[in-house]
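Trainee: One structure coming up, written as C-alpha cells, with questions to follow.
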Amino acid sequence: MTEKTGRTSAPPAPACTLVIFGATGDLTHRLLMPALYNLARWTLLPEDFHVVGVSRSEMSSEAYRADLAETVRGFITAKGGEAGGGEFDPAIWDGLVSRVTYLSGDLADAGTFARLKAHIAEVSAAPEGGSVLFYLAVAAALFGPTVKRLGEAGLTAEPEGAFRRVIIEKPFGHDLQSAEALDREILSVLSEGQIFRIDHFLGKETVQNILTFRFGNGMFEPLWNRDHIDHVQITVAETVGVEGRGRFYEATGALRDMVPNHLFQLFTLVAMEPPISFASEAVRDKKQEVLLATRSASPEAAVRGQYAAGRVEGRDVTEYRREPDVARDSRTETFVALTLGIDNWRWAGVPFYLRTGKAMTRRDTEIAIRFKQAPLTLFRGTDVEEAVENWLVLQLQPDEGISLQFGAKVPGPAVRLHTVEMRFCYRDFFKIEASTGYETLIYDAMIGDPTLFQRADTIEEGWRIVQPIIDAADREPALYEAGSAGPREAEDLLARDGRAWRPLEGH
Ligand code: BG6
C-alpha cells in the first residue's frame, strides 16, 4: 500500500460521481472538501467528475457552493489545522466547485432517493448515471436505513462497466451485536466488494509507514518478537475535549470512539505477520489473524477515566460533566487504558498496553516498543547500576518521526552509561504535502482498492475484544485532571506488572 504515496505519479481516478450524505456537516467542510481540493491539485480527479451534496437544509446549489467556498478555504490554509496549512489556489477550487451540486432531502423519505437518481443521471454523462461513490457522512443510526433506501431506489445496482460503492464512516456499530446486525443489513443490499468501511487513521502516511518500516528493512524484523521485546505501548493522547460533540460523545465514549478502530489499526499493523504482498486481502488477512489471536480484554486489566476541570495548553478546561449535552452524573469515559495479550508464537507473554484520552497534557500518537533489558554481568564493579532502557518509538503525530533510545559510554576513565537517542524526522527528509489523510482513502475507493478499509470480520473481531470492557462500563470512571496524563489508576495498571507508561511530557 505504500507505493500509493507521492500521489502525483498515480493516474486520475475513473469517471464517477461522489454523493455525500451529510453535505452540510462538519466532516464534509473540514475534511472531505479539502481532501477533494487536494486531489484536484494533484490532478487525481477524473475529467468526468461530479459531487452531489445531500442534506436536509433547503438550499440551492449556488448557495451550497458559496457556503463551501467560505469555510473550506479557511480549513485548507489553517496552519496546524487538519488540512495542514496548504496553499489555496482559486483556479483549482473554482474547477472543483463548478462540479458540485446540491440536493435537499430527508434520508427517511424514499422520494429523496428517487430524486437523487434523477439528479445523478442529469449531472453525469454516463448511461444510467455511471459510476457512483456514496459517502455516508451521517449519524451512525442512519447507515443501515440509508443503504436500504439506496437499494430500493435501484441506486446500488451496477450499470454495465460502472461501479456503485458506499463509504461508511465510523463508528460501525456500538458493540459486537449491533456491528453484526449492521453488517447483515448492508450485506443484504450490497456485496462486500461494494462496501468501504473507513478508518481515517489508515489514511495517515505515518500509519502506512509502519509496514514499510518493519518489512522494508533487514534489521528490525528479526528482533520483532517475544524473544527481544518486553512490551509495547500504544498511546493516542489528545488535548481536545469533546468540542461541542457532547451528544455523540455521551453515547460513545473514548473506548468506542477510538479503540476498536483507530488504536486497533496501530495494534494490528505493529503485531501482524508479514503479508505475502501488498494485495488488499493479503494485508487484511494478516491484520485479522492478530485480532483472532488476541484474548478478549479483561475489565480488571483496563481503566476508564473521565476528565475533571484543569488546564490544557494554558487554557482553562471545564470538567467533562459540565460540557454541553453531557449529563451531570455521566459515567462516559473520556480516557481508557487497557492491556492486551496475543496468544501466538511471536507475541505470547508480551503485553500490549493501549491508552487514549481527551483533554490530556499533550497531543501525542505513538507506538513505543520496549526491548528486553541487557544483562548487567559485564558491568559488575563499575558505576553502572542499572541498564538503560532500549526504546524504539514510532512517533505518528505530531512531529512525525522514529527514534531509537540506547545507552552509550560517557567519555572518561570510568565505565558509565548514559541514555542517548537517534532520531529521524520526516520533515527533514521529505517534502510533506498538506493533506487531511482522506485523500488517499477517497482515491482508493474510487479506484476500488479496499486495502486501507475495514473488512466486516475485522470490525466484528475488534468489538469482540473490547466487549467485556463495554459490558462493565456502568462502573464510575476514575477522574483525572484535564491537562494531566490520565488517572492514577492507569499508572497502577502498569505498575502492577512492574512497568510504567512513558511520560507524556517532555519527550
Ligand atoms: C475521530 C474521533 O474518529 O478521530 C475523534 O471521533 C478524534 O474523537 C479523532 O478526536 C482523532 O483523529 P486525528 O486524526 O485528529 O488524530
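For the C-alpha cells, the naming scheme is as follows: chains receive sequential letters (A, B, ...) according to their order of presentation, residues are indexed from 1 within each chain, and ligands are indexed from 1 in presentation order.
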Mind dumping a table of every chain A residue within 9 Å of ligand 1, with the nearest atom pair and its distance in Å to one decimal, using only C-alpha atoms and all ligand atoms, sorted by chain and rising number, as CSV?
Mentor:
```
residue,atom,partner,partner_atom_place_in_ligand_line,distance
A:Glu82,CA,ligand 1,15 (O),7.2
A:Glu169,CA,ligand 1,3 (O),8.9
A:Lys170,CA,ligand 1,3 (O),7.0
A:Pro171,CA,ligand 1,3 (O),8.0
A:Asp199,CA,ligand 1,3 (O),7.4
A:His200,CA,ligand 1,14 (O),6.9
A:Phe201,CA,ligand 1,14 (O),6.4
A:Lys204,CA,ligand 1,14 (O),8.0
A:Val236,CA,ligand 1,16 (O),7.6
A:Ala237,CA,ligand 1,16 (O),8.7
A:Glu238,CA,ligand 1,10 (O),6.9
A:Val240,CA,ligand 1,10 (O),7.1
A:Gly241,CA,ligand 1,10 (O),8.3
A:Val242,CA,ligand 1,8 (O),7.2
A:Arg245,CA,ligand 1,8 (O),8.7
A:Tyr249,CA,ligand 1,8 (O),7.9
A:Gly253,CA,ligand 1,8 (O),8.8
A:Ala254,CA,ligand 1,8 (O),7.5
A:Asp257,CA,ligand 1,6 (O),5.3
A:Met258,CA,ligand 1,2 (C),6.3
A:Asn261,CA,ligand 1,3 (O),8.4
A:His262,CA,ligand 1,3 (O),7.3
A:Lys358,CA,ligand 1,10 (O),7.8
A:Arg363,CA,ligand 1,16 (O),8.7
A:Asp364,CA,ligand 1,16 (O),8.8
A:Thr365,CA,ligand 1,16 (O),7.5
A:Gln397,CA,ligand 1,16 (O),7.6
A:Thr436,CA,ligand 1,14 (O),8.1
A:Gly437,CA,ligand 1,14 (O),8.0
```
Trainee: What's the 10 Å shell around Arg226 (chain A), counting only C-alpha atoms, without same-chain residues fewer than 4 positions away, as an MDAnalysis selection string?
Mentor: chainID A and resid 230:231 344:351 371:372
Trainee: If DSSP is run on the backbone, what residues of region 182-251 of chain A are strand (DSSP E)? A reply as a PyMOL selection string would be ideal.
Mentor: chain A and resi 195-197+229-237
Trainee: So that I can see what lies close to Leu292 (chain A), please list as a list in words the residues with an atom at most 10 Å from it, counting only C-alpha atoms and leaving out residues fewer than 4 positions away in the same chain.
Mentor: Lys286, Lys287, Gln288, Ser296, Ile342, Asp343, Asn344, Asp457, Thr458, Glu461, Gly462, Arg464 and Ile465 of chain A
Trainee: For those residues, write all heavy atoms to a file as a compact mmCIF listing (two decimals), in the first residue's frame.
Mentor:
```
# COMPACT_ATOMS: atom_id res chain seq x y z
N LYS A 286 -3.71 -10.77 7.33
CA LYS A 286 -2.70 -10.80 8.40
C LYS A 286 -3.14 -9.94 9.58
O LYS A 286 -2.87 -10.26 10.74
CB LYS A 286 -1.34 -10.34 7.87
CG LYS A 286 -0.73 -11.29 6.88
CD LYS A 286 -0.45 -12.65 7.52
CE LYS A 286 0.02 -13.67 6.52
NZ LYS A 286 -0.11 -15.05 6.98
N LYS A 287 -3.80 -8.82 9.29
CA LYS A 287 -4.31 -7.99 10.39
C LYS A 287 -5.38 -8.75 11.17
O LYS A 287 -5.43 -8.74 12.39
CB LYS A 287 -4.87 -6.67 9.85
CG LYS A 287 -3.77 -5.76 9.33
CD LYS A 287 -4.32 -4.55 8.62
CE LYS A 287 -4.97 -3.58 9.60
NZ LYS A 287 -5.56 -2.43 8.91
N GLN A 288 -6.23 -9.43 10.42
CA GLN A 288 -7.31 -10.18 11.05
C GLN A 288 -6.75 -11.28 11.95
O GLN A 288 -7.28 -11.54 13.03
CB GLN A 288 -8.22 -10.76 9.95
CG GLN A 288 -9.32 -11.67 10.44
CD GLN A 288 -10.39 -10.94 11.25
OE1 GLN A 288 -10.27 -9.75 11.52
NE2 GLN A 288 -11.41 -11.65 11.67
N SER A 296 -9.86 -11.67 24.58
CA SER A 296 -10.80 -10.59 24.90
C SER A 296 -10.25 -9.84 26.10
O SER A 296 -9.70 -10.44 27.03
CB SER A 296 -12.17 -11.17 25.24
OG SER A 296 -12.71 -11.76 24.08
N ILE A 342 -1.60 -11.32 23.06
CA ILE A 342 -1.79 -12.07 21.80
C ILE A 342 -1.23 -13.47 22.01
O ILE A 342 -0.05 -13.64 22.33
CB ILE A 342 -1.04 -11.40 20.64
CG1 ILE A 342 -1.39 -9.90 20.55
CG2 ILE A 342 -1.34 -12.09 19.32
CD1 ILE A 342 -0.57 -9.14 19.51
N ASP A 343 -2.09 -14.46 21.82
CA ASP A 343 -1.66 -15.85 22.03
C ASP A 343 -1.12 -16.45 20.74
O ASP A 343 -1.76 -17.31 20.14
CB ASP A 343 -2.87 -16.68 22.50
CG ASP A 343 -3.08 -16.51 23.99
OD1 ASP A 343 -2.08 -16.31 24.70
OD2 ASP A 343 -4.24 -16.57 24.40
N ASN A 344 0.02 -16.00 20.31
CA ASN A 344 0.64 -16.68 19.18
C ASN A 344 2.15 -16.79 19.42
O ASN A 344 2.67 -16.31 20.43
CB ASN A 344 0.30 -16.01 17.83
CG ASN A 344 0.85 -14.61 17.70
OD1 ASN A 344 1.72 -14.19 18.46
ND2 ASN A 344 0.34 -13.87 16.74
N ASP A 457 -15.32 -8.80 9.04
CA ASP A 457 -14.84 -9.71 10.10
C ASP A 457 -13.87 -9.01 11.05
O ASP A 457 -13.84 -9.30 12.24
CB ASP A 457 -14.23 -10.98 9.49
CG ASP A 457 -13.10 -10.71 8.50
OD1 ASP A 457 -12.96 -9.56 8.05
OD2 ASP A 457 -12.36 -11.66 8.16
N THR A 458 -13.10 -8.05 10.53
CA THR A 458 -12.13 -7.35 11.37
C THR A 458 -12.83 -6.42 12.36
O THR A 458 -12.47 -6.33 13.53
CB THR A 458 -11.16 -6.55 10.47
OG1 THR A 458 -10.60 -7.46 9.54
CG2 THR A 458 -10.06 -5.90 11.28
N GLU A 461 -14.38 -8.62 15.02
CA GLU A 461 -13.38 -9.18 15.93
C GLU A 461 -12.90 -8.10 16.91
O GLU A 461 -12.64 -8.38 18.08
CB GLU A 461 -12.21 -9.71 15.09
CG GLU A 461 -11.51 -10.90 15.63
CD GLU A 461 -12.39 -12.05 16.07
OE1 GLU A 461 -13.38 -12.38 15.40
OE2 GLU A 461 -12.08 -12.61 17.13
N GLY A 462 -12.79 -6.88 16.42
CA GLY A 462 -12.39 -5.75 17.29
C GLY A 462 -13.40 -5.55 18.40
O GLY A 462 -13.05 -5.39 19.58
N ARG A 464 -15.42 -7.82 19.55
CA ARG A 464 -15.35 -8.99 20.44
C ARG A 464 -14.29 -8.76 21.52
O ARG A 464 -14.50 -9.05 22.70
CB ARG A 464 -15.02 -10.23 19.59
CG ARG A 464 -15.14 -11.57 20.28
CD ARG A 464 -13.83 -12.09 20.86
NE ARG A 464 -12.75 -12.23 19.90
CZ ARG A 464 -11.46 -12.28 20.25
NH1 ARG A 464 -11.10 -12.18 21.51
NH2 ARG A 464 -10.52 -12.37 19.33
N ILE A 465 -13.16 -8.17 21.13
CA ILE A 465 -12.06 -7.99 22.09
C ILE A 465 -12.42 -6.97 23.18
O ILE A 465 -12.10 -7.16 24.34
CB ILE A 465 -10.76 -7.58 21.33
CG1 ILE A 465 -10.31 -8.76 20.45
CG2 ILE A 465 -9.66 -7.15 22.29
CD1 ILE A 465 -9.22 -8.41 19.45
```
Trainee: Skip region 475-486 of chain A itself and residues of its chain fewer than 6 positions away, then list as JSON, numbers by chain all residues within 6 Å of it, counting only C-alpha atoms.
Mentor: {"A": [304, 305, 306, 307, 308, 309, 310, 311, 312, 331, 359, 360, 361]}
Trainee: Find the residues of region 343-406 of chain A that sit at most 12 Å from region 490-500 of chain A; for each, write down the nearest two atoms and how far apart they are in Å, to one decimal. Count only C-alpha atoms. Sort by chain, then by number going up, and give it as JSON lines.
Mentor:
```
{"residue": "A:Gly349", "atom": "CA", "partner": "A:Asp497", "partner_atom": "CA", "distance": 11.8}
{"residue": "A:Val350", "atom": "CA", "partner": "A:Asp497", "partner_atom": "CA", "distance": 11.3}
{"residue": "A:Pro351", "atom": "CA", "partner": "A:Asp497", "partner_atom": "CA", "distance": 9.4}
{"residue": "A:Phe352", "atom": "CA", "partner": "A:Leu494", "partner_atom": "CA", "distance": 10.6}
{"residue": "A:Tyr353", "atom": "CA", "partner": "A:Leu494", "partner_atom": "CA", "distance": 8.1}
{"residue": "A:Leu354", "atom": "CA", "partner": "A:Ala490", "partner_atom": "CA", "distance": 10.2}
{"residue": "A:Arg355", "atom": "CA", "partner": "A:Ala490", "partner_atom": "CA", "distance": 8.5}
{"residue": "A:Thr356", "atom": "CA", "partner": "A:Ala490", "partner_atom": "CA", "distance": 10.7}
{"residue": "A:Gly357", "atom": "CA", "partner": "A:Ala490", "partner_atom": "CA", "distance": 11.3}
{"residue": "A:Arg370", "atom": "CA", "partner": "A:Arg499", "partner_atom": "CA", "distance": 10.4}
{"residue": "A:Glu389", "atom": "CA", "partner": "A:Arg499", "partner_atom": "CA", "distance": 11.6}
```
Trainee: Go through A:Val466, A:Val207, A:Ile120, A:Val19 one by one, measure the shortest atom-to-atom distance of each to Arg295 (chain A) using only C-alpha atoms, and give the residue with the smallest value.
Mentor: A:Val466
Trainee: In Å to one decimal, how far is CA of Leu263 (chain A) from CA of Ser188 (chain A)?
Mentor: 29.3 Å
Trainee: Got a sec: who's within 10 Å of Glu180 (chain A), counting only C-alpha atoms, leaving out chain neighbours fewer than 6 positions off, as an MDAnalysis selection string?
Mentor: chainID A and resid 172:173 456:457 459:460 463
Trainee: For Val290 (chain A), which of A:Met59, A:Ala10, A:Val138, A:Leu266 is the closest residue, counting only C-alpha atoms?
Mentor: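 The shortest atom-to-atom distance to Val290 (chain A) comes from A:Leu266.
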Trainee: Mind checking which residues fall within 10 Å of Leu68 (chain A), counting only C-alpha atoms, ignoring those fewer than 6 positions away in the same chain, and posting them as a PyMOL selection string?
Mentor: chain A and resi 23-24+28-30+33-34+62+97+100
Trainee: Would you put the residues from that selection into a file with N, CA and C atoms, as an mmCIF file, in the first residue's frame?
Mentor:
```
data_model
loop_
_atom_site.group_PDB
_atom_site.id
_atom_site.type_symbol
_atom_site.label_atom_id
_atom_site.label_comp_id
_atom_site.auth_asym_id
_atom_site.auth_seq_id
_atom_site.Cartn_x
_atom_site.Cartn_y
_atom_site.Cartn_z
ATOM 1 N N ALA A 23 -23.991 16.562 3.683
ATOM 2 C CA ALA A 23 -23.202 17.548 2.944
ATOM 3 C C ALA A 23 -22.979 18.854 3.694
ATOM 4 N N THR A 24 -23.863 19.165 4.646
ATOM 5 C CA THR A 24 -23.684 20.442 5.355
ATOM 6 C C THR A 24 -22.941 20.232 6.677
ATOM 7 N N THR A 28 -17.748 17.083 6.183
ATOM 8 C CA THR A 28 -17.684 17.477 4.775
ATOM 9 C C THR A 28 -16.875 18.758 4.611
ATOM 10 N N HIS A 29 -17.149 19.751 5.447
ATOM 11 C CA HIS A 29 -16.443 21.033 5.313
ATOM 12 C C HIS A 29 -14.977 20.925 5.729
ATOM 13 N N ARG A 30 -14.766 20.255 6.852
ATOM 14 C CA ARG A 30 -13.446 20.272 7.477
ATOM 15 C C ARG A 30 -12.467 19.317 6.778
ATOM 16 N N MET A 33 -14.142 18.060 1.720
ATOM 17 C CA MET A 33 -13.932 19.029 0.639
ATOM 18 C C MET A 33 -12.464 19.438 0.522
ATOM 19 N N PRO A 34 -11.754 19.709 1.648
ATOM 20 C CA PRO A 34 -10.312 19.969 1.500
ATOM 21 C C PRO A 34 -9.574 18.785 0.860
ATOM 22 N N GLU A 62 -26.195 26.943 -5.807
ATOM 23 C CA GLU A 62 -25.353 28.165 -5.721
ATOM 24 C C GLU A 62 -25.061 28.483 -4.267
ATOM 25 N N VAL A 97 -15.332 23.305 -7.522
ATOM 26 C CA VAL A 97 -16.657 23.689 -7.033
ATOM 27 C C VAL A 97 -17.672 23.790 -8.182
ATOM 28 N N VAL A 100 -19.856 20.839 -8.332
ATOM 29 C CA VAL A 100 -20.645 20.496 -7.146
ATOM 30 C C VAL A 100 -22.099 20.947 -7.320
#
```
Trainee: Excluding Glu400 (chain A) and its own-chain neighbours fewer than 2 positions away, which residues fall within 10 Å of it when counting only C-alpha atoms? Please give them as a ChimeraX atom specification.
Mentor: /A:205-206,364-366,394-398,402,424-427
Trainee: Take the selection from the previous step and output its residues with C-alpha atoms, as a short mmCIF file (atom, residue, chain, number, x, y, z; two decimals), in the first residue's frame.
Mentor:
```
data_model
loop_
_atom_site.label_atom_id
_atom_site.label_comp_id
_atom_site.auth_asym_id
_atom_site.auth_seq_id
_atom_site.Cartn_x
_atom_site.Cartn_y
_atom_site.Cartn_z
CA GLU A 205 1.28 8.39 5.98
CA THR A 206 2.97 7.52 9.26
CA ASP A 364 0.82 12.55 21.05
CA THR A 365 0.19 9.47 18.93
CA GLU A 366 2.99 6.98 19.27
CA LEU A 394 7.29 5.41 16.09
CA GLN A 395 6.03 8.97 16.53
CA LEU A 396 2.92 9.09 14.36
CA GLN A 397 1.74 12.63 15.11
CA PRO A 398 2.66 15.40 15.65
CA ILE A 402 11.14 7.50 14.52
CA PHE A 424 14.65 10.60 12.23
CA CYS A 425 12.16 13.39 11.45
CA TYR A 426 10.01 13.12 8.36
CA ARG A 427 10.18 16.79 7.62
#
```
Trainee: Considering only C-alpha atoms, state which residue in the set A:Trp391, A:Glu128, A:Arg247, A:Thr112 is at the smallest distance from Ser330 (chain A).
Mentor: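 Residue with the minimum atom-to-atom distance to Ser330 (chain A): A:Arg247.
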Trainee: Please, which residues of region 68-199 of chain A, numbered as in this document, come out alpha helix (DSSP H) from DSSP, as a PyMOL selection string?
Mentor: chain A and resi 68-77+90-97+110-123+143-152+176-187
Trainee: Report the distance between CA of Ala282 (chain A) and CA of Leu452 (chain A) in Å, rounded to one decimal place.
Mentor: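 Distance between the two atoms: 11.9 Å.
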Trainee: Would you work out the distance separating CA of Pro468 (chain A) from CA of Asp183 (chain A), expressed in Å to one decimal?
Mentor: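 Interatomic distance, CA of Pro468 (chain A) to CA of Asp183 (chain A): 21.0 Å.
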Trainee: For Arg65 (chain A), which residue among A:Thr43, A:Gln265, A:Thr101, A:Ser298 is the nearest when counting only C-alpha atoms?
Mentor: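 Selected residue with least distance to Arg65 (chain A): A:Thr101.
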